[in-house]
>>> print(open('start_17.tsv').read())   # TSV, C-alpha atoms
chain	number	residue	atom	x	y	z
W	1	VAL	CA	24.42	97.88	34.27
W	2	GLN	CA	23.08	101.02	32.64
W	3	GLU	CA	19.48	102.12	32.28
W	4	VAL	CA	19.01	104.04	29.01
W	5	ARG	CA	15.91	105.81	27.71
W	6	ASP	CA	15.77	107.58	24.35
W	7	GLY	CA	19.54	107.41	24.19
W	8	VAL	CA	19.99	109.08	27.58
W	9	VAL	CA	21.73	107.16	30.43
W	10	LEU	CA	19.44	107.51	33.43
W	11	SER	CA	21.38	105.39	35.98
W	12	THR	CA	24.29	103.00	36.43
W	13	SER	CA	24.62	100.08	38.86
W	14	ARG	CA	27.95	98.40	39.63
W	15	ARG	CA	28.73	95.25	41.60
W	16	ASP	CA	32.28	94.31	42.67
W	17	LEU	CA	33.15	90.62	43.24
W	18	MET	CA	36.17	89.53	45.26
W	19	PHE	CA	37.83	86.10	44.86
W	20	SER	CA	40.14	84.98	47.63
W	21	VAL	CA	42.75	82.27	47.05
W	22	VAL	CA	43.99	80.80	50.32
W	23	PRO	CA	46.13	77.77	51.26
W	24	CYS	CA	44.18	74.71	52.51
W	25	ASP	CA	45.18	73.00	55.72
W	26	ALA	CA	44.24	69.58	54.28
W	27	VAL	CA	43.96	68.25	50.73
W	28	VAL	CA	40.35	67.11	49.98
W	29	SER	CA	39.82	64.65	47.13
W	30	ALA	CA	36.39	63.52	45.92
W	31	GLY	CA	36.00	60.08	44.33
W	32	ILE	CA	33.33	57.49	43.49
W	33	GLN	CA	34.14	53.85	43.07
W	34	PRO	CA	33.53	53.07	39.37
W	35	GLN	CA	30.74	50.70	38.38
W	36	VAL	CA	32.00	47.11	38.32
W	37	GLN	CA	28.76	45.13	37.92
W	38	PHE	CA	26.65	45.78	34.87
W	39	CYS	CA	23.30	44.52	33.61
W	40	SER	CA	22.14	43.58	37.10
W	41	GLY	CA	19.23	45.93	37.64
W	42	PHE	CA	18.46	49.51	38.70
W	43	GLY	CA	19.71	49.45	42.33
W	44	PHE	CA	23.25	50.53	43.37
W	45	GLN	CA	25.34	50.73	46.51
W	46	PHE	CA	27.77	53.56	45.77
W	47	GLY	CA	31.36	53.26	46.97
W	48	ASN	CA	33.04	56.42	48.33
W	49	ASN	CA	36.68	56.81	47.28
W	50	SER	CA	37.02	60.33	48.71
W	51	SER	CA	39.75	61.38	51.15
W	52	GLY	CA	40.42	64.37	53.44
W	53	ALA	CA	36.75	65.13	54.12
W	54	GLN	CA	34.31	64.56	56.97
W	55	ALA	CA	31.11	65.38	55.09
W	56	TRP	CA	29.73	64.49	51.68
W	57	SER	CA	26.90	65.49	49.45
W	58	TRP	CA	25.57	63.07	46.84
W	59	ASP	CA	23.32	63.68	43.85
W	60	PHE	CA	22.32	60.51	41.98
W	61	GLY	CA	21.20	62.26	38.80
W	62	ASP	CA	17.67	60.81	38.75
W	63	PRO	CA	15.55	63.29	36.75
W	64	THR	CA	12.29	61.84	38.04
W	65	THR	CA	12.68	63.17	41.61
W	66	ASP	CA	14.36	65.80	43.76
W	67	ALA	CA	14.89	63.32	46.55
W	68	ASP	CA	17.85	61.68	44.82
W	69	THR	CA	20.40	63.06	47.32
W	70	SER	CA	22.24	61.77	50.36
W	71	SER	CA	24.86	62.83	52.90
W	72	LEU	CA	25.88	59.29	53.86
W	73	PHE	CA	29.39	58.07	53.26
W	74	SER	CA	28.24	55.14	51.08
W	75	PRO	CA	24.59	55.55	50.14
W	76	SER	CA	22.33	53.41	47.90
W	77	TRP	CA	19.76	54.34	45.31
W	78	THR	CA	17.34	52.52	43.02
W	79	TYR	CA	16.39	54.15	39.74
W	80	SER	CA	12.84	53.90	38.45
W	81	ALA	CA	13.78	53.30	34.82
W	82	PRO	CA	16.71	52.01	32.79
W	83	GLY	CA	19.25	54.53	31.58
W	84	VAL	CA	22.68	56.10	31.97
W	85	TYR	CA	22.95	58.43	34.99
W	86	ASP	CA	25.57	61.00	36.15
W	87	VAL	CA	26.29	60.46	39.85
W	88	THR	CA	27.92	63.41	41.66
W	89	ILE	CA	29.71	63.56	45.01
W	90	ILE	CA	30.95	66.71	46.76
W	91	SER	CA	33.48	66.05	49.46
W	92	ALA	CA	33.55	68.70	52.27
W	93	PRO	CA	30.57	70.59	50.84
W	94	GLY	CA	30.42	74.30	51.77
W	95	GLU	CA	34.07	74.45	52.72
W	96	ILE	CA	36.78	76.34	50.91
W	97	CYS	CA	38.60	73.15	49.97
W	98	ALA	CA	35.56	71.18	48.72
W	99	ASP	CA	36.10	68.80	45.78
W	100	THR	CA	33.65	67.32	43.28
W	101	ALA	CA	33.63	64.11	41.23
W	102	VAL	CA	31.13	62.84	38.64
W	103	VAL	CA	30.89	59.21	37.45
W	104	GLN	CA	28.42	57.65	35.00
W	105	PHE	CA	26.40	54.59	36.02
W	106	GLN	CA	24.50	52.35	33.61
W	107	ALA	CA	21.25	51.01	35.03
W	108	PHE	CA	20.04	48.13	32.84
W	109	ASN	CA	18.63	44.66	33.32
W	110	ALA	CA	20.14	41.76	31.42
W	111	PRO	CA	17.65	40.60	28.77
W	112	ARG	CA	15.93	37.27	29.31
W	113	PRO	CA	14.98	36.11	25.84
W	114	ASP	CA	13.07	33.01	24.88
W	115	PHE	CA	11.53	31.39	21.81
W	116	VAL	CA	9.22	28.46	21.16
W	117	PRO	CA	10.66	25.82	18.79
W	118	PRO	CA	8.16	24.56	16.22
W	119	ALA	CA	6.47	21.20	16.58
W	120	PRO	CA	8.49	18.29	15.15
W	121	ALA	CA	8.09	18.08	11.38
W	122	CYS	CA	8.56	15.33	8.82
W	123	GLY	CA	10.49	16.13	5.66
W	124	ASP	CA	12.04	19.41	4.51
W	125	THR	CA	10.09	22.30	5.96
W	126	THR	CA	10.03	26.07	6.48
W	127	VAL	CA	9.50	27.45	9.99
W	128	VAL	CA	9.13	30.91	11.53
W	129	LEU	CA	11.00	31.63	14.76
W	130	GLN	CA	9.83	34.53	16.96
W	131	ALA	CA	11.84	36.04	19.82
W	132	GLU	CA	9.95	36.29	23.10
W	133	GLY	CA	10.85	37.04	26.71
W	134	GLU	CA	12.04	40.23	28.43
W	135	TYR	CA	14.10	42.88	26.63
W	136	GLY	CA	13.91	46.54	25.62
W	137	PRO	CA	12.52	48.03	22.41
W	138	ASP	CA	16.01	48.62	21.00
W	139	ALA	CA	17.24	45.07	21.56
W	140	ILE	CA	19.35	43.45	18.82
W	141	PHE	CA	18.64	39.81	17.93
W	142	ASN	CA	21.17	37.33	16.57
W	143	TRP	CA	20.27	33.73	15.69
W	144	VAL	CA	22.46	30.66	15.20
W	145	LEU	CA	20.08	28.34	13.40
W	146	GLY	CA	21.97	25.08	12.73
W	147	ASN	CA	24.04	23.59	9.95
W	148	SER	CA	21.05	22.25	7.98
W	149	ALA	CA	19.29	25.63	8.07
W	150	GLU	CA	19.05	28.10	5.25
W	151	PRO	CA	20.20	30.64	6.32
W	152	SER	CA	22.40	29.23	9.07
W	153	THR	CA	22.50	32.58	10.91
W	154	ALA	CA	20.11	35.53	10.96
W	155	THR	CA	19.32	38.81	12.71
W	156	GLY	CA	16.05	40.39	13.74
W	157	SER	CA	12.76	38.84	14.75
W	158	PRO	CA	10.81	37.01	13.46
W	159	VAL	CA	13.02	35.01	11.09
W	160	THR	CA	11.94	32.53	8.41
W	161	VAL	CA	14.16	29.45	8.10
W	162	PHE	CA	14.19	26.47	5.73
W	163	TYR	CA	15.38	23.20	7.28
W	164	THR	CA	16.55	20.15	5.37
W	165	ALA	CA	15.40	16.97	7.09
W	166	GLY	CA	18.13	15.32	9.13
W	167	ASN	CA	19.45	15.37	12.67
W	168	PRO	CA	17.85	17.66	15.28
W	169	GLN	CA	19.21	21.21	14.97
W	170	ASN	CA	20.32	23.24	18.00
W	171	VAL	CA	19.13	26.85	17.74
W	172	THR	CA	20.50	29.72	19.85
W	173	LEU	CA	19.04	33.22	20.20
W	174	ILE	CA	21.43	35.91	21.51
W	175	VAL	CA	19.96	39.29	22.49
W	176	ASN	CA	21.99	42.47	22.96
W	177	ASP	CA	20.04	45.07	24.92
W	178	ASN	CA	22.04	48.24	25.76
W	179	GLY	CA	25.24	46.21	25.88
W	180	CYS	CA	23.68	43.57	28.12
W	181	PHE	CA	23.44	40.05	26.71
W	182	GLY	CA	21.08	37.17	27.23
W	183	SER	CA	20.55	33.95	25.33
W	184	ALA	CA	18.06	31.13	24.86
W	185	SER	CA	18.46	27.72	23.23
W	186	GLY	CA	16.10	25.18	21.73
W	187	THR	CA	15.95	22.30	19.30
W	188	VAL	CA	14.26	22.18	15.91
W	189	VAL	CA	13.36	18.62	14.91
W	190	VAL	CA	12.84	18.01	11.18
W	191	SER	CA	12.99	14.26	10.67
W	192	PRO	CA	13.61	12.44	7.39
W	193	GLU	CA	10.41	11.35	5.70
W	194	PRO	CA	10.30	7.95	3.99
W	195	GLU	CA	8.56	7.32	0.67
W	196	ALA	CA	6.42	4.21	0.71
W	197	LEU	CA	6.27	2.39	-2.63
W	198	PHE	CA	5.76	-1.12	-3.97
W	199	THR	CA	5.62	-2.83	-7.35
W	200	VAL	CA	3.40	-5.67	-8.52
W	201	PHE	CA	3.90	-8.53	-10.96
W	202	PRO	CA	2.03	-9.44	-13.04
W	203	ALA	CA	0.06	-6.27	-13.52
W	204	SER	CA	-3.66	-5.96	-12.79
W	205	PRO	CA	-6.07	-7.37	-13.83
W	206	GLN	CA	-5.51	-11.13	-13.65
W	207	LEU	CA	-7.79	-14.17	-13.71
W	208	VAL	CA	-8.52	-15.94	-10.47
W	209	GLY	CA	-5.87	-18.54	-9.63
W	210	VAL	CA	-3.00	-16.64	-11.24
W	211	PRO	CA	-0.32	-15.97	-8.58
W	212	PHE	CA	0.95	-12.40	-8.21
W	213	SER	CA	3.11	-10.51	-5.70
W	214	PHE	CA	3.60	-7.00	-4.35
W	215	THR	CA	7.25	-6.12	-3.64
W	216	ASP	CA	8.35	-3.34	-1.28
W	217	ALA	CA	10.33	-0.66	-3.17
W	218	SER	CA	10.19	2.07	-0.52
W	219	GLN	CA	12.88	4.71	0.02
W	220	THR	CA	13.75	5.35	3.68
W	221	ASN	CA	15.68	8.59	2.97
W	222	GLY	CA	17.78	7.93	6.05
W	223	ALA	CA	14.83	7.48	8.40
W	224	ALA	CA	14.73	4.65	10.92
W	225	ILE	CA	11.69	2.54	10.01
W	226	VAL	CA	10.03	0.98	13.06
W	227	SER	CA	7.07	-0.64	11.31
W	228	ARG	CA	5.92	-1.75	7.85
W	229	THR	CA	2.25	-2.64	7.62
W	230	TRP	CA	0.45	-4.20	4.65
W	231	THR	CA	-3.32	-4.01	4.45
W	232	VAL	CA	-5.78	-5.40	1.92
W	233	ASN	CA	-9.08	-3.51	1.83
W	234	GLY	CA	-8.13	-2.01	5.19
W	235	VAL	CA	-7.38	-5.32	6.91
W	236	PRO	CA	-3.77	-5.94	8.04
W	237	VAL	CA	-2.17	-9.03	6.52
W	238	PRO	CA	1.02	-10.80	7.64
W	239	VAL	CA	3.97	-10.56	5.29
W	240	SER	CA	7.20	-12.52	5.42
W	241	GLY	CA	10.14	-10.69	3.91
W	242	ASN	CA	9.57	-7.69	1.67
W	243	SER	CA	6.84	-9.11	-0.56
W	244	LEU	CA	3.12	-9.78	-0.23
W	245	GLU	CA	2.34	-12.98	-2.11
W	246	ALA	CA	-1.18	-13.63	-3.42
W	247	GLU	CA	-2.49	-16.64	-5.31
W	248	ASP	CA	-5.81	-17.60	-3.72
W	249	TRP	CA	-7.69	-14.32	-3.87
W	250	LEU	CA	-11.27	-14.53	-4.98
W	251	PRO	CA	-12.46	-12.37	-7.85
W	252	GLY	CA	-12.99	-8.76	-6.89
W	253	THR	CA	-11.35	-5.37	-6.54
W	254	TYR	CA	-8.68	-5.05	-3.85
W	255	THR	CA	-6.96	-1.98	-2.44
W	256	VAL	CA	-3.47	-2.89	-1.25
W	257	THR	CA	-1.70	-0.38	1.03
W	258	LEU	CA	1.81	-0.26	2.48
W	259	THR	CA	2.34	2.03	5.50
W	260	LEU	CA	5.76	3.00	6.87
W	261	VAL	CA	6.26	4.53	10.32
W	262	THR	CA	9.59	5.97	11.51
W	263	GLY	CA	11.00	6.26	14.98
W	264	ALA	CA	10.21	9.99	14.87
W	265	GLY	CA	6.55	9.27	14.10
W	266	CYS	CA	6.68	10.17	10.40
W	267	VAL	CA	4.21	8.19	8.30
W	268	SER	CA	4.16	7.43	4.58
W	269	THR	CA	1.62	5.32	2.70
W	270	PHE	CA	1.28	3.98	-0.82
W	271	SER	CA	-1.82	2.26	-2.24
W	272	MET	CA	-2.67	0.35	-5.39
W	273	VAL	CA	-5.91	-1.12	-6.71
W	274	TYR	CA	-5.73	-4.69	-8.04
W	275	VAL	CA	-8.51	-6.50	-9.87
W	276	VAL	CA	-8.95	-10.29	-9.86
W	277	LEU	CA	-11.24	-11.54	-12.62
W	278	ALA	CA	-13.44	-14.57	-12.21
W	279	GLY	CA	-13.57	-15.62	-15.84
W	280	GLU	CA	-16.58	-16.20	-18.06
W	281	ILE	CA	-19.68	-18.09	-17.03
W	282	ASP	CA	-20.00	-21.39	-18.95
W	283	ILE	CA	-23.34	-23.21	-18.59
W	284	PRO	CA	-23.68	-26.83	-19.78
W	285	ASN	CA	-26.85	-28.04	-21.52
W	286	VAL	CA	-26.76	-31.59	-20.17
W	287	PHE	CA	-25.80	-33.46	-17.01
W	288	SER	CA	-26.18	-37.05	-15.86
W	289	PRO	CA	-26.64	-37.65	-12.13
W	290	ASN	CA	-26.44	-41.45	-12.42
W	291	GLY	CA	-23.96	-42.17	-9.65
W	292	ASP	CA	-20.93	-42.83	-11.80
W	293	GLY	CA	-19.03	-39.90	-10.27
W	294	GLU	CA	-18.96	-37.88	-13.44
W	295	ASN	CA	-21.17	-34.99	-14.41
W	296	GLU	CA	-23.30	-35.61	-11.32
W	297	THR	CA	-24.49	-32.03	-10.82
W	298	PHE	CA	-25.55	-29.07	-12.88
W	299	ASP	CA	-22.00	-27.58	-12.96
W	300	ILE	CA	-21.75	-23.94	-14.08
W	301	THR	CA	-18.13	-22.91	-14.64
W	302	ASN	CA	-16.95	-19.98	-12.39
W	303	ILE	CA	-20.39	-19.56	-10.77
W	304	GLY	CA	-18.79	-19.78	-7.32
W	305	TYR	CA	-17.20	-16.38	-7.83
W	306	TYR	CA	-20.48	-14.49	-8.32
W	307	GLU	CA	-23.50	-13.69	-6.24
W	308	ASN	CA	-26.44	-15.03	-8.15
W	309	GLU	CA	-29.93	-16.50	-8.23
W	310	LEU	CA	-30.72	-19.67	-10.18
W	311	THR	CA	-34.24	-20.82	-11.07
W	312	ILE	CA	-35.04	-24.06	-12.98
W	313	TYR	CA	-38.44	-24.72	-14.61
W	314	ASN	CA	-40.00	-27.76	-16.16
W	315	ARG	CA	-41.59	-27.62	-19.61
W	316	TRP	CA	-44.90	-26.43	-18.15
W	317	GLY	CA	-43.24	-23.43	-16.44
W	318	THR	CA	-43.34	-24.84	-12.93
W	319	VAL	CA	-40.37	-24.01	-10.72
W	320	VAL	CA	-38.59	-27.19	-9.73
W	321	TYR	CA	-35.50	-25.59	-8.17
W	322	ASN	CA	-34.58	-22.11	-6.90
W	323	THR	CA	-31.64	-20.90	-4.85
W	324	ARG	CA	-29.51	-17.87	-4.19
W	325	ASN	CA	-25.75	-18.05	-4.65
W	326	TYR	CA	-25.80	-21.34	-6.48
W	327	ARG	CA	-22.61	-23.36	-5.97
W	328	ASN	CA	-23.09	-26.32	-8.37
W	329	GLN	CA	-24.98	-28.45	-5.87
W	330	TRP	CA	-28.18	-29.37	-7.80
W	331	ASN	CA	-28.24	-33.05	-8.80
W	332	GLY	CA	-31.76	-33.09	-10.20
W	333	GLY	CA	-33.36	-34.16	-6.98
W	334	ASP	CA	-36.44	-36.26	-7.60
W	335	VAL	CA	-37.44	-34.71	-10.91
W	336	PRO	CA	-37.67	-37.09	-13.86
W	337	ASP	CA	-35.33	-37.16	-16.80
W	338	GLY	CA	-36.13	-34.64	-19.44
W	339	THR	CA	-35.61	-31.14	-20.67
W	340	TYR	CA	-35.68	-28.22	-18.24
W	341	TYR	CA	-35.23	-24.50	-18.53
W	342	TYR	CA	-33.01	-22.26	-16.37
W	343	VAL	CA	-32.73	-18.54	-15.63
W	344	LEU	CA	-29.46	-17.38	-14.00
W	345	VAL	CA	-29.22	-13.77	-12.78
W	346	LEU	CA	-25.90	-12.37	-11.53
W	347	LYS	CA	-25.61	-9.53	-9.04
W	348	ASP	CA	-23.72	-7.45	-11.58
W	349	GLY	CA	-26.87	-7.40	-13.76
W	350	ARG	CA	-25.99	-10.06	-16.28
W	351	ASP	CA	-28.56	-12.80	-16.86
W	352	TYR	CA	-28.53	-16.11	-18.70
W	353	ALA	CA	-31.42	-18.27	-19.90
W	354	GLY	CA	-31.49	-21.59	-21.71
W	355	HIS	CA	-32.44	-25.23	-21.57
W	356	LEU	CA	-30.70	-28.26	-20.12
W	357	THR	CA	-31.21	-31.98	-20.39
W	358	LEU	CA	-31.19	-34.26	-17.36
W	359	LEU	CA	-30.18	-37.86	-18.18
W	360	ARG	CA	-29.80	-40.58	-15.58
>>> encode(input="start_17.tsv", output="structure tokens")
Amino acid sequence: VQEVRDGVVLSTSRRDLMFSVVPCDAVVSAGIQPQVQFCSGFGFQFGNNSSGAQAWSWDFGDPTTDADTSSLFSPSWTYSAPGVYDVTIISAPGEICADTAVVQFQAFNAPRPDFVPPAPACGDTTVVLQAEGEYGPDAIFNWVLGNSAEPSTATGSPVTVFYTAGNPQNVTLIVNDNGCFGSASGTVVVSPEPEALFTVFPASPQLVGVPFSFTDASQTNGAAIVSRTWTVNGVPVPVSGNSLEAEDWLPGTYTVTLTLVTGAGCVSTFSMVYVVLAGEIDIPNVFSPNGDGENETFDITNIGYYENELTIYNRWGTVVYNTRNYRNQWNGGDVPDGTYYYVLVLKDGRDYAGHLTLLR
């Protein structure tokens, strides 16, 4: 080493090194048993494969501490974080015939993935599957989604999947985290959804007394139907076979509903409104309550199908009969023969007025 100032050598220092090569009395060989168990955590018991030495010096390669050394024959060490570490052993340290070996150890935990299958669905549906559980930030996700899924396989997380209704689908999530693998399985249930439907003949509306029927025309779509329920205006009605027969319904508006329920709990309903007409009001202008069994009462055709109020007056305007919801029961009572006047008011707003003759 020379010290130079302004181009002038002021001093020189020289160091001589001597290397001696000598024969060893014993052959020393350093060795570390290779890692045989992977993905099982951060703690290791190191195996010593050295020979020809009576002392050893270990360095576990943990950069977080200086205390990662040992002089034991087979020491143990637990790393504070996952990673790949260089473990060093020196057999016969400080001696002329010392030997050194370095082996890499991988300190990783096996991932423990999980995912939550969606709630059972009815009919074709789209679901989102999200990986959960324990794994590192660089984990790789692979999904096997089932044969009715589109797509049937996928990578990443989350994944969006369309399922065609059918049998339950087994789903498997496989996670690769630093070469360590873990998996989770679940079932996605997308059940077939029936389509409730019925037809009617003859079509609405119909006059009272005309028979008509509602016939089940539902499509099960492969679903197992556990119940079929017919209701009329919300009230369940018994049905024999696949048709609801009706021939004695009073005039009015009816809502008929068919409800299907599958074994998987899927529900489908279909409703139809049907109108039964009462027919026109026909009011006679004479009746003869004389005991011969004919024309004995003031008989208004179809009045029994309407809410109403009937009032009958004599020729001086005095009320001789009044009732609500008249049902053809007035036989003249004790009024004398003669001409009378009536006023009939229906609940729907229609009203009728006229005269009638009572003859005994």
>>> residues_around(input="start_17.tsv", residues="segment 145-161 of chain W", least_positions_apart="2", cutoff="12 Å", atoms="all atoms listed in the file", output="ChimeraX atom specification")
/W:113-118,124-132,137-143,163-176,184-191
>>> write_last_selection(input="start_17.tsv", atoms="C-alpha atoms", output="short mmCIF file (atom, residue, chain, number, x, y, z; two decimals), in the frame of the given file")
data_model
loop_
_atom_site.label_atom_id
_atom_site.label_comp_id
_atom_site.auth_asym_id
_atom_site.auth_seq_id
_atom_site.Cartn_x
_atom_site.Cartn_y
_atom_site.Cartn_z
CA PRO W 113 14.98 36.11 25.84
CA ASP W 114 13.07 33.01 24.88
CA PHE W 115 11.53 31.39 21.81
CA VAL W 116 9.22 28.46 21.16
CA PRO W 117 10.66 25.82 18.79
CA PRO W 118 8.16 24.56 16.22
CA ASP W 124 12.04 19.41 4.51
CA THR W 125 10.09 22.30 5.96
CA THR W 126 10.03 26.07 6.48
CA VAL W 127 9.50 27.45 9.99
CA VAL W 128 9.13 30.91 11.53
CA LEU W 129 11.00 31.63 14.76
CA GLN W 130 9.83 34.53 16.96
CA ALA W 131 11.84 36.04 19.82
CA GLU W 132 9.95 36.29 23.10
CA PRO W 137 12.52 48.03 22.41
CA ASP W 138 16.01 48.62 21.00
CA ALA W 139 17.24 45.07 21.56
CA ILE W 140 19.35 43.45 18.82
CA PHE W 141 18.64 39.81 17.93
CA ASN W 142 21.17 37.33 16.57
CA TRP W 143 20.27 33.73 15.69
CA TYR W 163 15.38 23.20 7.28
CA THR W 164 16.55 20.15 5.37
CA ALA W 165 15.40 16.97 7.09
CA GLY W 166 18.13 15.32 9.13
CA ASN W 167 19.45 15.37 12.67
CA PRO W 168 17.85 17.66 15.28
CA GLN W 169 19.21 21.21 14.97
CA ASN W 170 20.32 23.24 18.00
CA VAL W 171 19.13 26.85 17.74
CA THR W 172 20.50 29.72 19.85
CA LEU W 173 19.04 33.22 20.20
CA ILE W 174 21.43 35.91 21.51
CA VAL W 175 19.96 39.29 22.49
CA ASN W 176 21.99 42.47 22.96
CA ALA W 184 18.06 31.13 24.86
CA SER W 185 18.46 27.72 23.23
CA GLY W 186 16.10 25.18 21.73
CA THR W 187 15.95 22.30 19.30
CA VAL W 188 14.26 22.18 15.91
CA VAL W 189 13.36 18.62 14.91
CA VAL W 190 12.84 18.01 11.18
CA SER W 191 12.99 14.26 10.67
#
>>> atom_distance(input="start_17.tsv", atom1="atom CA of Val102 of chain W", atom2="atom CA of Ala81 of chain W")
20.2 Å
>>> residues_around(input="start_17.tsv", residues="Glu247 of chain W", least_positions_apart="6", cutoff="10 Å", atoms="all atoms listed in the file", output="VMD selection string")
chain W and resid 208 to 213
>>> write_last_selection(input="start_17.tsv", atoms="C-alpha atoms", output="PDB file, in the frame of the given file")
ATOM      1  CA  VAL W 208      -8.520 -15.940 -10.470  1.00  0.00           C
ATOM      2  CA  GLY W 209      -5.870 -18.540  -9.630  1.00  0.00           C
ATOM      3  CA  VAL W 210      -3.000 -16.640 -11.240  1.00  0.00           C
ATOM      4  CA  PRO W 211      -0.320 -15.970  -8.580  1.00  0.00           C
ATOM      5  CA  PHE W 212       0.950 -12.400  -8.210  1.00  0.00           C
ATOM      6  CA  SER W 213       3.110 -10.510  -5.700  1.00  0.00           C
TER       7      SER W 213
END
>>> residues_around(input="start_17.tsv", residues="segment 14-16 of chain W", least_positions_apart="5", cutoff="12 Å", atoms="only C-alpha atoms", output="list in words")
Val1, Gln2 and Glu3 of chain W
>>> write_last_selection(input="start_17.tsv", atoms="C-alpha atoms", output="JSON list (two decimals), keeping the file's coordinate frame")
[["chain", "number", "residue", "atom", "x", "y", "z"],
["W", 1, "VAL", "CA", 24.42, 97.88, 34.27],
["W", 2, "GLN", "CA", 23.08, 101.02, 32.64],
["W", 3, "GLU", "CA", 19.48, 102.12, 32.28]]
>>> closest_residue(input="start_17.tsv", among="W:Val286, W:Ala223, W:Cys180, W:Val200", to="Phe38 of chain W", atoms="only C-alpha atoms")
W:Cys180
>>> closest_residue(input="start_17.tsv", among="W:Ser80, W:Arg350, W:Ser240, W:Met272", to="Thr253 of chain W", atoms="all atoms listed in the file")
W:Met272
>>> atom_distance(input="start_17.tsv", atom1="atom CA of Lys347 of chain W", atom2="atom CA of Asp282 of chain W")
16.4 Å
>>> closest_residue(input="start_17.tsv", among="W:Leu250, W:Ala110, W:Ile89, W:Val320", to="Leu277 of chain W", atoms="all atoms listed in the file")
W:Leu250
>>> residues_around(input="start_17.tsv", residues="segment 332-339 of chain W", least_positions_apart="5", cutoff="9 Å", atoms="all atoms listed in the file", output="list of chain:residue names")
W:Val286, W:Ser288, W:Pro289, W:Glu296, W:Thr297, W:Phe298, W:Asn314, W:Arg315, W:Val320, W:Tyr321, W:His355, W:Leu356, W:Thr357, W:Leu358, W:Leu359, W:Arg360
>>> residues_around(input="start_17.tsv", residues="Thr262 of chain W", least_positions_apart="3", cutoff="10 Å", atoms="only C-alpha atoms", output="PyMOL selection string")
chain W and resi 122+191-194+220+223-228+265-268
